[in-house]
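Chemist: The file below is coords-v9.csv, CSV, C-alpha atoms and all ligand atoms:
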```csv
chain,number,residue,atom,x,y,z
A,265,MET,CA,8.6,-45.5,15.3
A,266,SER,CA,6.9,-42.3,16.2
A,267,TYR,CA,3.8,-41.4,18.3
A,268,ARG,CA,1.3,-38.9,16.9
A,269,ILE,CA,-1.0,-37.2,19.4
A,270,GLU,CA,-4.7,-37.2,18.3
A,271,THR,CA,-6.4,-35.9,21.5
A,272,LEU,CA,-5.4,-34.6,24.9
A,273,ASN,CA,-7.8,-33.9,27.7
A,274,LEU,CA,-7.4,-32.8,31.3
A,275,ARG,CA,-9.8,-33.2,34.1
A,276,GLY,CA,-9.8,-32.3,37.8
A,277,ILE,CA,-10.2,-35.4,40.0
A,278,LEU,CA,-10.1,-36.2,43.7
A,279,ASP,CA,-7.1,-37.3,45.6
A,280,SER,CA,-7.2,-39.5,48.8
A,281,ARG,CA,-7.6,-36.4,51.0
A,282,GLY,CA,-10.5,-35.1,49.0
A,283,GLU,CA,-8.4,-32.4,47.4
A,284,THR,CA,-8.5,-31.7,43.7
A,285,THR,CA,-5.7,-32.9,41.4
A,286,VAL,CA,-5.2,-33.5,37.7
A,287,GLU,CA,-5.8,-36.5,35.4
A,288,ALA,CA,-4.7,-36.4,31.8
A,289,GLU,CA,-5.9,-38.6,28.9
A,290,VAL,CA,-4.0,-38.9,25.7
A,291,SER,CA,-4.9,-40.8,22.5
A,292,LEU,CA,-2.5,-41.6,19.7
A,293,ALA,CA,-3.0,-42.1,16.0
A,294,GLY,CA,-3.9,-45.8,15.7
A,295,GLY,CA,-6.2,-45.7,18.7
A,296,ALA,CA,-3.9,-46.3,21.7
A,297,ARG,CA,-5.0,-44.4,24.8
A,298,GLY,CA,-3.3,-43.6,28.1
A,299,VAL,CA,-4.4,-42.0,31.4
A,300,GLY,CA,-2.2,-40.6,34.2
A,301,SER,CA,-2.8,-38.6,37.3
A,302,THR,CA,-0.6,-36.7,39.8
A,303,PRO,CA,-0.5,-37.1,43.6
A,304,ARG,CA,-0.8,-34.0,45.9
A,305,ALA,CA,1.4,-33.4,48.9
A,306,ILE,CA,0.1,-31.7,52.0
A,307,ALA,CA,3.2,-29.5,52.3
A,308,PRO,CA,5.4,-29.6,49.1
A,309,GLY,CA,9.1,-29.0,49.6
A,310,ARG,CA,10.5,-25.6,48.7
A,311,ARG,CA,12.9,-27.0,46.0
A,312,GLU,CA,10.3,-28.8,43.9
A,313,ARG,CA,8.4,-27.6,40.7
A,314,ALA,CA,5.2,-25.8,41.9
A,315,ARG,CA,1.8,-27.2,41.1
A,316,GLY,CA,-0.7,-25.3,39.1
A,317,VAL,CA,-4.1,-24.2,40.4
A,318,ILE,CA,-6.9,-26.5,39.4
A,319,ALA,CA,-10.1,-24.8,38.5
A,320,GLY,CA,-12.3,-27.6,39.8
A,321,LEU,CA,-13.5,-31.1,39.2
A,322,GLY,CA,-14.2,-32.5,35.8
A,323,PRO,CA,-13.3,-31.0,32.4
A,324,ARG,CA,-13.7,-27.4,33.5
A,325,HIS,CA,-9.9,-27.2,34.1
A,326,ALA,CA,-9.4,-28.0,30.4
A,327,GLY,CA,-10.8,-24.5,29.5
A,328,ARG,CA,-7.6,-22.8,30.7
A,329,VAL,CA,-4.6,-25.0,30.1
A,330,PRO,CA,-4.9,-26.8,26.8
A,331,ASP,CA,-4.4,-23.7,24.6
A,332,ALA,CA,-0.6,-24.0,24.9
A,333,LEU,CA,-0.8,-27.8,25.2
A,334,GLN,CA,-3.1,-28.2,22.2
A,335,ARG,CA,-1.0,-25.9,20.0
A,336,CYS,CA,2.3,-27.6,20.8
A,337,LEU,CA,1.3,-31.2,21.3
A,338,VAL,CA,-1.9,-32.2,19.5
A,339,GLY,CA,-1.4,-33.3,15.9
A,340,ARG,CA,2.4,-33.5,16.4
A,341,SER,CA,4.5,-36.6,16.3
A,342,PHE,CA,7.2,-37.5,18.9
A,343,ALA,CA,10.0,-40.0,18.5
A,344,ASP,CA,9.9,-41.1,22.2
A,345,LEU,CA,9.0,-40.1,25.8
A,346,GLY,CA,12.2,-38.0,26.1
A,347,GLU,CA,11.3,-35.8,23.1
A,348,PHE,CA,7.8,-35.5,24.4
A,349,ASP,CA,8.8,-34.5,27.9
A,350,ARG,CA,11.4,-32.0,26.7
A,351,THR,CA,8.6,-30.3,24.7
A,352,LEU,CA,6.4,-30.3,27.8
A,353,ASP,CA,9.2,-28.7,29.8
A,354,ARG,CA,9.5,-26.0,27.2
A,355,ILE,CA,5.8,-25.3,27.3
A,356,HIS,CA,6.0,-25.1,31.1
A,357,GLU,CA,8.8,-22.6,30.9
A,358,MET,CA,7.0,-20.4,28.4
A,359,GLU,CA,3.6,-20.6,30.2
A,360,PHE,CA,3.5,-22.0,33.7
A,361,LEU,CA,1.5,-25.2,33.7
A,362,GLY,CA,2.5,-26.7,37.1
A,363,ALA,CA,4.0,-30.1,38.0
A,364,ASN,CA,0.5,-31.6,38.4
A,365,VAL,CA,-0.3,-30.9,34.8
A,366,THR,CA,3.1,-31.8,33.3
A,367,LEU,CA,3.4,-35.1,35.2
A,368,SER,CA,-0.2,-36.2,34.4
A,369,VAL,CA,0.4,-35.5,30.7
A,370,SER,CA,3.8,-37.2,30.7
A,371,LEU,CA,2.3,-40.3,32.4
A,372,ALA,CA,-0.7,-40.5,30.1
A,373,PHE,CA,1.6,-40.2,27.0
A,374,ALA,CA,3.9,-43.0,28.4
A,375,ARG,CA,1.0,-45.3,29.0
A,376,ALA,CA,-0.4,-44.6,25.5
A,377,CYS,CA,3.0,-45.5,24.0
A,378,ALA,CA,3.2,-48.7,26.1
A,379,PHE,CA,-0.3,-49.6,25.0
A,380,SER,CA,0.5,-49.0,21.3
A,381,GLU,CA,3.4,-51.4,21.6
A,382,GLY,CA,1.3,-54.0,23.4
A,383,THR,CA,3.6,-53.8,26.5
A,384,SER,CA,3.3,-52.7,30.1
A,385,LEU,CA,4.3,-49.3,31.5
A,386,SER,CA,7.2,-50.9,33.5
A,387,THR,CA,8.6,-52.6,30.4
A,388,HIS,CA,8.3,-49.4,28.4
A,389,LEU,CA,10.0,-47.4,31.1
A,390,ALA,CA,12.8,-50.0,31.5
A,391,ALA,CA,13.4,-49.7,27.7
A,392,ALA,CA,13.4,-45.9,27.8
A,393,ALA,CA,15.8,-45.9,30.8
A,394,GLY,CA,18.0,-48.8,29.6
A,395,THR,CA,17.7,-50.4,33.0
A,396,GLU,CA,17.3,-54.0,34.4
A,397,PRO,CA,13.9,-54.4,36.0
A,398,GLY,CA,13.8,-55.8,39.6
A,399,MET,CA,11.5,-55.7,42.6
A,400,PRO,CA,12.2,-53.0,45.2
A,401,ARG,CA,11.8,-53.5,49.0
A,402,PRO,CA,8.7,-51.7,50.3
A,403,LEU,CA,9.1,-49.2,53.1
A,404,ILE,CA,5.8,-49.7,55.0
A,405,ASN,CA,4.5,-46.9,57.1
A,406,LEU,CA,3.6,-47.9,60.7
A,407,LEU,CA,3.3,-44.7,62.6
A,408,SER,CA,2.8,-41.1,61.4
A,409,GLY,CA,3.7,-37.8,63.0
A,410,GLY,CA,5.3,-34.5,62.0
A,411,ILE,CA,3.1,-32.4,59.8
A,412,HIS,CA,0.4,-35.2,60.0
A,413,SER,CA,-0.1,-34.6,63.7
A,414,THR,CA,-1.5,-31.7,65.7
A,415,GLU,CA,0.9,-32.5,68.5
A,416,HIS,CA,4.7,-32.1,68.7
A,417,ALA,CA,5.3,-35.4,70.6
A,418,ASN,CA,6.3,-37.3,67.5
A,419,PRO,CA,8.5,-35.3,65.1
A,420,PHE,CA,8.9,-38.3,62.7
A,421,GLN,CA,6.7,-37.8,59.7
A,422,GLN,CA,6.9,-41.6,59.3
A,423,ILE,CA,8.2,-44.5,61.3
A,424,MET,CA,8.4,-47.3,58.8
A,425,LEU,CA,9.2,-50.9,58.6
A,426,VAL,CA,11.7,-52.4,56.1
A,427,SER,CA,11.7,-56.1,55.5
A,428,PHE,CA,14.8,-57.9,54.2
A,429,GLY,CA,12.8,-60.9,53.2
A,430,ASN,CA,13.3,-63.0,50.0
A,431,SER,CA,10.2,-62.0,48.1
A,432,ILE,CA,7.7,-59.1,47.8
A,433,GLN,CA,5.0,-61.3,49.2
A,434,ALA,CA,7.1,-62.0,52.3
A,435,ASP,CA,7.9,-58.3,52.8
A,436,VAL,CA,4.3,-57.2,52.5
A,437,GLU,CA,3.1,-60.0,54.8
A,438,ALA,CA,5.6,-59.0,57.4
A,439,GLY,CA,4.5,-55.4,57.1
A,440,LEU,CA,0.9,-56.3,57.5
A,441,ALA,CA,1.6,-58.5,60.6
A,442,VAL,CA,3.7,-55.8,62.3
A,443,TYR,CA,1.2,-53.1,61.5
A,444,ARG,CA,-1.5,-55.3,63.1
A,445,THR,CA,0.6,-56.0,66.1
A,446,VAL,CA,1.2,-52.3,66.7
A,447,GLU,CA,-2.6,-51.6,66.3
A,448,GLU,CA,-3.5,-54.4,68.8
A,449,ARG,CA,-0.9,-53.4,71.4
A,450,LEU,CA,-2.1,-49.8,71.2
A,451,ALA,CA,-5.7,-51.0,71.6
A,452,ALA,CA,-4.6,-53.0,74.6
A,453,LYS,CA,-3.4,-49.8,76.2
A,454,GLY,CA,-6.8,-48.2,75.3
A,455,ILE,CA,-5.3,-46.1,72.4
A,456,THR,CA,-6.8,-46.0,69.0
A,457,GLY,CA,-4.4,-45.4,66.2
A,458,ILE,CA,-6.0,-43.5,63.3
A,459,PRO,CA,-4.6,-44.0,59.8
A,460,SER,CA,-3.0,-40.7,58.6
A,461,ALA,CA,-3.1,-39.4,55.1
A,462,SER,CA,-0.3,-41.9,54.2
A,463,SER,CA,-2.0,-44.6,56.3
A,464,GLY,CA,0.5,-44.8,59.1
A,465,LEU,CA,-1.2,-44.9,62.6
A,466,LEU,CA,-1.5,-41.5,64.2
A,467,VAL,CA,-1.3,-41.8,68.0
A,468,SER,CA,-2.1,-39.2,70.6
A,469,GLY,CA,-0.2,-38.8,73.8
A,470,MET,CA,2.8,-41.0,73.2
A,471,SER,CA,6.4,-39.7,72.9
A,472,TRP,CA,8.6,-40.5,69.9
A,473,ARG,CA,10.7,-42.7,72.1
A,474,GLN,CA,7.7,-44.8,73.2
A,475,LEU,CA,6.6,-45.1,69.6
A,476,LEU,CA,10.0,-46.2,68.3
A,477,GLU,CA,10.1,-48.7,71.1
A,478,PHE,CA,6.6,-50.0,70.2
A,479,ALA,CA,7.6,-50.3,66.5
A,480,ALA,CA,11.0,-51.9,67.3
A,481,ASP,CA,9.4,-54.5,69.7
A,482,ALA,CA,6.7,-55.4,67.2
A,483,ALA,CA,9.2,-55.9,64.5
A,484,ALA,CA,11.6,-57.9,66.6
A,485,GLN,CA,8.8,-60.2,67.7
A,486,ARG,CA,8.0,-61.0,64.1
A,487,SER,CA,11.4,-61.6,62.6
A,488,SER,CA,15.1,-60.7,62.8
A,489,THR,CA,15.0,-59.7,59.1
A,490,LEU,CA,13.0,-56.6,59.9
A,491,ALA,CA,14.4,-53.1,60.7
A,492,LEU,CA,13.0,-49.6,61.2
A,493,ALA,CA,13.2,-46.6,58.8
A,494,VAL,CA,12.3,-43.0,59.7
A,495,ASP,CA,11.4,-40.0,57.6
A,496,VAL,CA,12.5,-37.0,59.7
A,497,ALA,CA,11.2,-34.5,57.0
A,498,ALA,CA,13.4,-32.0,58.7
A,499,GLU,CA,12.5,-29.1,56.3
A,500,HIS,CA,9.2,-29.0,58.3
A,501,LEU,CA,11.0,-29.2,61.7
A,502,HIS,CA,13.5,-26.4,60.8
A,503,GLN,CA,12.8,-23.3,62.9
A,504,GLY,CA,15.3,-21.0,61.1
A,505,GLY,CA,18.8,-20.1,62.3
A,506,GLY,CA,19.9,-23.8,62.0
A,507,ARG,CA,17.6,-24.9,64.9
A,508,TYR,CA,15.1,-27.7,64.8
A,509,ARG,CA,12.0,-28.5,66.8
A,510,PHE,CA,12.4,-32.2,67.8
A,511,GLY,CA,9.5,-33.4,69.9
A,512,GLU,CA,9.2,-31.1,72.9
A,513,GLU,CA,12.8,-29.8,72.4
A,514,ILE,CA,14.4,-27.1,70.3
A,515,LEU,CA,17.9,-28.4,69.2
A,516,ASP,CA,20.7,-26.7,67.3
A,517,GLY,CA,22.1,-28.6,64.3
A,518,ASP,CA,24.9,-30.3,66.2
A,519,ALA,CA,22.5,-31.6,68.9
A,520,MET,CA,20.1,-32.8,66.2
A,521,LEU,CA,23.0,-34.7,64.5
A,522,GLU,CA,24.0,-36.4,67.8
A,523,HIS,CA,20.4,-37.2,68.6
A,524,LEU,CA,19.8,-38.9,65.2
A,525,CYS,CA,23.1,-40.8,65.4
A,526,ALA,CA,22.1,-42.2,68.8
A,527,ILE,CA,18.6,-43.0,67.6
A,528,THR,CA,19.8,-45.2,64.6
A,529,THR,CA,21.9,-47.3,67.1
A,530,ASP,CA,19.3,-47.4,69.9
A,531,TYR,CA,16.4,-48.6,67.7
A,532,GLY,CA,18.1,-50.5,64.9
A,533,VAL,CA,17.2,-47.9,62.3
A,534,ALA,CA,18.4,-49.0,58.8
A,535,LEU,CA,17.3,-45.9,56.8
A,536,VAL,CA,16.9,-42.2,57.6
A,537,GLU,CA,15.2,-39.9,55.2
A,538,ASP,CA,15.7,-36.1,55.3
A,539,PRO,CA,17.5,-35.8,58.6
A,540,PHE,CA,18.2,-32.1,58.0
A,541,ASP,CA,16.9,-29.0,56.2
A,542,PRO,CA,18.0,-29.0,52.5
A,543,ASP,CA,20.2,-25.9,53.1
A,544,ASP,CA,22.0,-27.5,56.1
A,545,ALA,CA,24.7,-29.1,53.9
A,546,PRO,CA,27.4,-29.3,56.6
A,547,ARG,CA,25.1,-31.5,58.8
A,548,TRP,CA,24.1,-33.7,55.8
A,549,LEU,CA,27.8,-34.3,55.0
A,550,ASP,CA,28.7,-35.1,58.5
A,551,PHE,CA,25.8,-37.4,59.2
A,552,THR,CA,26.2,-39.3,55.9
A,553,ARG,CA,30.0,-39.7,56.6
A,554,ARG,CA,29.2,-41.2,60.0
A,555,MET,CA,26.3,-43.5,58.7
A,556,ARG,CA,27.8,-44.7,55.4
A,557,GLY,CA,28.1,-48.5,55.1
A,558,ARG,CA,25.7,-48.9,58.1
A,559,VAL,CA,22.6,-46.8,57.5
A,560,GLU,CA,21.0,-45.5,54.3
A,561,VAL,CA,20.7,-41.7,54.3
A,562,ILE,CA,18.1,-40.7,51.8
A,563,GLY,CA,17.5,-37.2,50.4
A,564,ASP,CA,13.9,-36.3,49.6
A,565,ASP,CA,13.4,-32.5,49.9
A,566,LEU,CA,17.2,-32.2,49.6
A,567,TYR,CA,17.4,-33.3,45.9
A,568,ALA,CA,13.7,-32.8,45.0
A,569,THR,CA,14.3,-35.4,42.2
A,570,ASP,CA,16.4,-32.8,40.3
A,571,PRO,CA,19.3,-34.3,38.4
A,572,ASN,CA,21.3,-31.1,38.8
A,573,ARG,CA,21.2,-31.3,42.5
A,574,ILE,CA,22.7,-34.9,42.8
A,575,ASP,CA,25.6,-34.8,45.2
A,576,ALA,CA,26.6,-38.3,46.5
A,577,GLY,CA,28.5,-36.7,49.4
A,578,LEU,CA,25.3,-35.4,51.0
A,579,ALA,CA,23.4,-38.7,51.2
A,580,THR,CA,23.7,-42.4,50.2
A,581,GLY,CA,20.4,-42.5,48.3
A,582,ILE,CA,17.7,-40.4,46.7
A,583,LEU,CA,14.0,-40.4,47.1
A,584,LEU,CA,12.3,-40.0,43.7
A,585,LYS,CA,8.9,-38.3,43.5
A,586,MET,CA,7.9,-37.8,39.9
A,587,ASP,CA,5.9,-34.6,40.6
A,588,GLN,CA,8.8,-32.9,42.3
A,589,ILE,CA,10.6,-32.6,38.9
A,590,GLY,CA,7.3,-32.8,36.8
A,591,THR,CA,8.0,-35.4,34.2
A,592,LEU,CA,8.9,-39.1,33.8
A,593,THR,CA,12.0,-38.2,31.8
A,594,GLY,CA,13.2,-35.8,34.5
A,595,THR,CA,12.7,-38.5,37.0
A,596,LEU,CA,14.6,-41.1,34.9
A,597,SER,CA,17.5,-38.7,34.5
A,598,ALA,CA,17.7,-38.0,38.2
A,599,ALA,CA,17.7,-41.8,38.7
A,600,ALA,CA,20.4,-42.3,36.2
A,601,ARG,CA,22.7,-39.6,37.7
A,602,ALA,CA,22.1,-40.9,41.2
A,603,ARG,CA,22.8,-44.4,40.2
A,604,ALA,CA,26.0,-43.4,38.3
A,605,ALA,CA,27.1,-41.8,41.5
A,606,GLY,CA,26.6,-45.1,43.4
A,607,MET,CA,23.4,-44.0,45.2
A,608,THR,CA,20.4,-46.1,46.3
A,609,LEU,CA,17.1,-45.3,44.5
A,610,CYS,CA,13.9,-45.1,46.5
A,611,ILE,CA,10.6,-44.3,44.6
A,612,SER,CA,8.0,-42.5,46.8
A,613,HIS,CA,4.3,-41.7,47.1
A,614,ARG,CA,3.0,-38.4,48.4
A,615,SER,CA,0.7,-37.8,51.3
A,616,GLY,CA,-2.3,-37.3,48.9
A,617,GLU,CA,-2.5,-40.0,46.3
A,618,THR,CA,-4.8,-41.1,43.5
A,619,GLU,CA,-5.4,-44.7,42.4
A,620,ASP,CA,-2.6,-44.3,39.9
A,621,THR,CA,0.1,-47.0,40.3
A,622,ALA,CA,2.7,-45.6,37.9
A,623,MET,CA,5.2,-45.2,40.8
A,624,CYS,CA,5.3,-49.0,41.1
A,625,ASP,CA,6.0,-49.5,37.4
A,626,LEU,CA,8.7,-47.0,37.6
A,627,ALA,CA,10.3,-48.6,40.7
A,628,VAL,CA,10.3,-52.0,39.1
A,629,ALA,CA,11.5,-50.7,35.7
A,630,LEU,CA,14.5,-49.1,37.4
A,631,GLY,CA,15.1,-52.1,39.7
A,632,ALA,CA,15.1,-49.5,42.6
A,633,GLY,CA,16.3,-50.5,46.0
A,634,PHE,CA,13.2,-49.3,47.8
A,635,ILE,CA,9.6,-48.1,47.3
A,636,LYS,CA,7.8,-46.0,49.8
A,637,ILE,CA,4.0,-46.5,49.6
A,638,GLY,CA,2.6,-45.7,53.1
A,639,GLY,CA,0.7,-48.0,55.5
A,640,PRO,CA,-1.2,-51.1,54.3
A,641,ARG,CA,-4.6,-49.4,54.7
A,642,ARG,CA,-7.0,-47.7,52.3
A,643,GLY,CA,-7.4,-48.0,48.5
A,644,ASP,CA,-4.9,-45.3,47.5
A,645,ARG,CA,-2.1,-47.3,49.2
A,646,ILE,CA,-3.4,-50.8,48.7
A,647,SER,CA,-3.6,-50.3,44.9
A,648,LYS,CA,0.2,-49.8,45.0
A,649,TYR,CA,0.9,-52.9,47.1
A,650,ASN,CA,-1.4,-54.9,44.7
A,651,GLN,CA,0.4,-53.5,41.6
A,652,LEU,CA,3.7,-54.6,43.1
A,653,LEU,CA,2.3,-58.1,43.5
A,654,ARG,CA,1.1,-58.1,39.8
A,655,LEU,CA,4.5,-56.8,38.6
A,656,ASP,CA,6.3,-59.5,40.5
A,657,GLU,CA,4.5,-62.1,38.3
A,658,GLN,CA,5.6,-60.1,35.2
A,659,LEU,CA,9.2,-60.2,36.5
A,660,GLY,CA,8.8,-64.0,37.0
A,661,ASP,CA,7.7,-64.3,33.4
A,662,LEU,CA,10.7,-62.3,32.2
A,663,ARG,CA,13.0,-64.5,34.3
A,664,ASN,CA,11.4,-67.7,32.9
A,665,ARG,CA,11.7,-66.4,29.4
A,666,ALA,CA,15.4,-65.5,29.9
A,667,ALA,CA,16.1,-69.0,31.3
A,668,ALA,CA,14.3,-70.8,28.5
A,701,LIG,P1,4.8,-35.5,51.1
A,701,LIG,O1,5.4,-36.6,52.1
A,701,LIG,O2,3.4,-35.7,50.9
A,701,LIG,O3,5.2,-34.2,51.8
A,701,LIG,O4,5.6,-35.7,49.8
A,701,LIG,C1,5.4,-37.9,51.7
A,701,LIG,C2,6.7,-38.6,52.2
A,701,LIG,O5,7.8,-38.1,52.1
A,701,LIG,O6,6.5,-39.7,52.6
A,702,ZN,ZN,10.1,-37.3,52.9
```
Kindly transcribe the structure held in the file into structure tokens.

Modeler:
Amino acid sequence: MSYRIETLNLRGILDSRGETTVEAEVSLAGGARGVGSTPRAIAPGRRERARGVIAGLGPRHAGRVPDALQRCLVGRSFADLGEFDRTLDRIHEMEFLGANVTLSVSLAFARACAFSEGTSLSTHLAAAAGTEPGMPRPLINLLSGGIHSTEHANPFQQIMLVSFGNSIQADVEAGLAVYRTVEERLAAKGITGIPSASSGLLVSGMSWRQLLEFAADAAAQRSSTLALAVDVAAEHLHQGGGRYRFGEEILDGDAMLEHLCAITTDYGVALVEDPFDPDDAPRWLDFTRRMRGRVEVIGDDLYATDPNRIDAGLATGILLKMDQIGTLTGTLSAAARARAAGMTLCISHRSGETEDTAMCDLAVALGAGFIKIGGPRRGDRISKYNQLLRLDEQLGDLRNRAAA
């Protein structure tokens, strides 16, 4: 089987923060079509593929980019997603396209291929990756801080809830209930939490300790199967010279390490993302050695979804953001390398999102351990929770067919 590209179009569209991002549309010989769009981070990590500049909304953007894309892709046939994405990477190397363009085109092509086979994106990706599909646990954002806040009081970019329930429905319901409890308890203190870009509540005038206590209490009240997770996003806290701004304090690396070890114990934190700057390898090694078997340590800006950066000594798991590496195939190979090294996979949103739900299909296709979507508010996040609920039915059908 091969897939011949008939048309390729790009357009500038809005993300959830009202910024411009890219959507691609691909049609194949035979009539199958696919659409894909790319999220947009507020502050991309320094190790990831850079995004291209978008000329504006609508098809205006198409005027600049497609020359190289049209020449190398349109009218050509590709055996599979891998061959297509390798070609995209080569075009990007010759003529900078940007991660937003390459990922949108990669997603649109994958969807068109799935459509032409009469299958879903998740089934197509599982076949491409040779993986066993399964439902990930959602990491549900309760409270936002870090770069989302104008204050220093809460350094955690996200304080999240992880539910160890026995179904996605139970996990999402637990997340909704705890989120509401936090909102109500804040309101009882006369504080309004405003959903941040990733829909965690942004709270003014409370310290990170108060916020962790708030979240831990609300979780404990609901169920003993809930725990907290935190994204430290330490690349953004790093002040240079191995020092970090943590709340109102400036800490050296060793003090930061001791602080984070104590926090995991004090507040029952089950997962810590990006505890240190990506270049602070000795601290990553030490922290992961101390946490292993007890707490998941996840590298986001550390690995930037790059298969060549995988090092299982630095963390116990990897955060996968498709636009960090720029194609689906690059993401699949980072996932495969990490898994072969015994690491946990966590698929992640970005701070600015579109309505695209491909990250859910990817997480289910890989049978990833976790998926990080944001808080249960606003369409850009809700569309992902809803897609997981749909995919769960598909998984049920698969299970039923296997049992028949
Ligand atoms: P980002 O943050 O938008 O900087 O990628 C999202 C996250 O890590 O949750
Ligand atoms: Zn992160």

Chemist: Counting all atoms listed in the file, name the residues that have an atom within 8 Å of an atom of ligand ZN 702 (chain A); the answer should be given as a ChimeraX atom specification.

Modeler: /A:421,495-497,537-538,563-565,583

Chemist: With all atoms listed in the file as the counted atoms, please give the residues lying no more than 12 Å from Ile635 (chain A), apart from itself and same-chain residues fewer than 3 positions off, as a PDB file with C-alpha atoms, in the frame of the given file.

Modeler:
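Below is the file selection16.pdb, written as the result:
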```pdb
ATOM      1  CA  GLY A 398      13.800 -55.800  39.600  1.00  0.00           C
ATOM      2  CA  MET A 399      11.500 -55.700  42.600  1.00  0.00           C
ATOM      3  CA  PRO A 400      12.200 -53.000  45.200  1.00  0.00           C
ATOM      4  CA  ARG A 401      11.800 -53.500  49.000  1.00  0.00           C
ATOM      5  CA  PRO A 402       8.700 -51.700  50.300  1.00  0.00           C
ATOM      6  CA  LEU A 403       9.100 -49.200  53.100  1.00  0.00           C
ATOM      7  CA  ILE A 404       5.800 -49.700  55.000  1.00  0.00           C
ATOM      8  CA  ASN A 405       4.500 -46.900  57.100  1.00  0.00           C
ATOM      9  CA  MET A 424       8.400 -47.300  58.800  1.00  0.00           C
ATOM     10  CA  LEU A 425       9.200 -50.900  58.600  1.00  0.00           C
ATOM     11  CA  VAL A 426      11.700 -52.400  56.100  1.00  0.00           C
ATOM     12  CA  SER A 427      11.700 -56.100  55.500  1.00  0.00           C
ATOM     13  CA  ILE A 432       7.700 -59.100  47.800  1.00  0.00           C
ATOM     14  CA  ASP A 435       7.900 -58.300  52.800  1.00  0.00           C
ATOM     15  CA  VAL A 436       4.300 -57.200  52.500  1.00  0.00           C
ATOM     16  CA  ILE A 582      17.700 -40.400  46.700  1.00  0.00           C
ATOM     17  CA  LEU A 583      14.000 -40.400  47.100  1.00  0.00           C
ATOM     18  CA  LEU A 584      12.300 -40.000  43.700  1.00  0.00           C
ATOM     19  CA  LYS A 585       8.900 -38.300  43.500  1.00  0.00           C
ATOM     20  CA  THR A 608      20.400 -46.100  46.300  1.00  0.00           C
ATOM     21  CA  LEU A 609      17.100 -45.300  44.500  1.00  0.00           C
ATOM     22  CA  CYS A 610      13.900 -45.100  46.500  1.00  0.00           C
ATOM     23  CA  ILE A 611      10.600 -44.300  44.600  1.00  0.00           C
ATOM     24  CA  SER A 612       8.000 -42.500  46.800  1.00  0.00           C
ATOM     25  CA  HIS A 613       4.300 -41.700  47.100  1.00  0.00           C
ATOM     26  CA  ARG A 614       3.000 -38.400  48.400  1.00  0.00           C
ATOM     27  CA  THR A 621       0.100 -47.000  40.300  1.00  0.00           C
ATOM     28  CA  ALA A 622       2.700 -45.600  37.900  1.00  0.00           C
ATOM     29  CA  MET A 623       5.200 -45.200  40.800  1.00  0.00           C
ATOM     30  CA  CYS A 624       5.300 -49.000  41.100  1.00  0.00           C
ATOM     31  CA  ASP A 625       6.000 -49.500  37.400  1.00  0.00           C
ATOM     32  CA  LEU A 626       8.700 -47.000  37.600  1.00  0.00           C
ATOM     33  CA  ALA A 627      10.300 -48.600  40.700  1.00  0.00           C
ATOM     34  CA  VAL A 628      10.300 -52.000  39.100  1.00  0.00           C
ATOM     35  CA  LEU A 630      14.500 -49.100  37.400  1.00  0.00           C
ATOM     36  CA  GLY A 631      15.100 -52.100  39.700  1.00  0.00           C
ATOM     37  CA  ALA A 632      15.100 -49.500  42.600  1.00  0.00           C
ATOM     38  CA  GLY A 638       2.600 -45.700  53.100  1.00  0.00           C
ATOM     39  CA  ARG A 645      -2.100 -47.300  49.200  1.00  0.00           C
ATOM     40  CA  LYS A 648       0.200 -49.800  45.000  1.00  0.00           C
ATOM     41  CA  TYR A 649       0.900 -52.900  47.100  1.00  0.00           C
ATOM     42  CA  LEU A 652       3.700 -54.600  43.100  1.00  0.00           C
TER      43      LEU A 652
END
```

Chemist: Taking all atoms listed in the file into account, list the residues no farther than 6 Å from ligand LIG 701 (chain A), as an NGL selection string.

Modeler: :A and (305-308 or 614-615)

Chemist: Counting only C-alpha atoms, what is within 12 Å of Asp587 (chain A), bar same-chain residues fewer than 2 positions away, as a VMD selection string?

Modeler: chain A and resid 285 to 286 300 to 305 308 to 309 311 to 316 362 to 371 568 to 570 583 to 585 589 to 595 611 to 614 616 to 617 622 to 623

Chemist: State, in Å with one decimal place, the distance from CA of Thr552 (chain A) to CA of Leu492 (chain A).

Modeler: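 Those two atoms sit 17.6 Å apart.
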
Chemist: Would you mind listing, for every residue of region 429-495 of chain A within 10 Å of region 499-513 of chain A, the two atoms forming the shortest contact and the distance between them in Å to one decimal, using all atoms listed in the file, sorted by chain and ascending residue number, as a tab-separated table?

Modeler:
```
residue	atom	partner	partner_atom	distance
A:Ser471	CA	A:Gly511	CA	7.6
A:Trp472	CA	A:Gly511	CA	7.2
A:Arg473	CA	A:Gly511	CA	9.6
```

Chemist: Output the selection as a tab-separated table (two decimals), in the frame of the given file - C-alpha atoms for each residue.

Modeler:
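Output file result_14.tsv is given in full below:
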```
chain	number	residue	atom	x	y	z
A	471	SER	CA	6.40	-39.70	72.90
A	472	TRP	CA	8.60	-40.50	69.90
A	473	ARG	CA	10.70	-42.70	72.10
```

Chemist: Compare A:Ser291, A:Ser280, A:Gln588, A:Ser463 by their minimum atom-to-atom distance to Phe373 (chain A), counting all atoms listed in the file, and give me the closest one.

Modeler: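 Smallest separation from Phe373 (chain A) among the options: A:Ser291.
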
Chemist: Closest to Gly410 (chain A) among A:Glu283, A:Asp541, A:Leu490, A:Leu466, using all atoms listed in the file?

Modeler: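 Using all atoms listed in the file, Gly410 (chain A) sits closest to A:Leu466.
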
Chemist: Using only C-alpha atoms, which of A:Leu450, A:Ala372, A:Ala391, A:Ile423 sits nearest Gly469 (chain A)?

Modeler: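 Once distances to Gly469 (chain A) are computed over only C-alpha atoms, the minimum belongs to A:Leu450.
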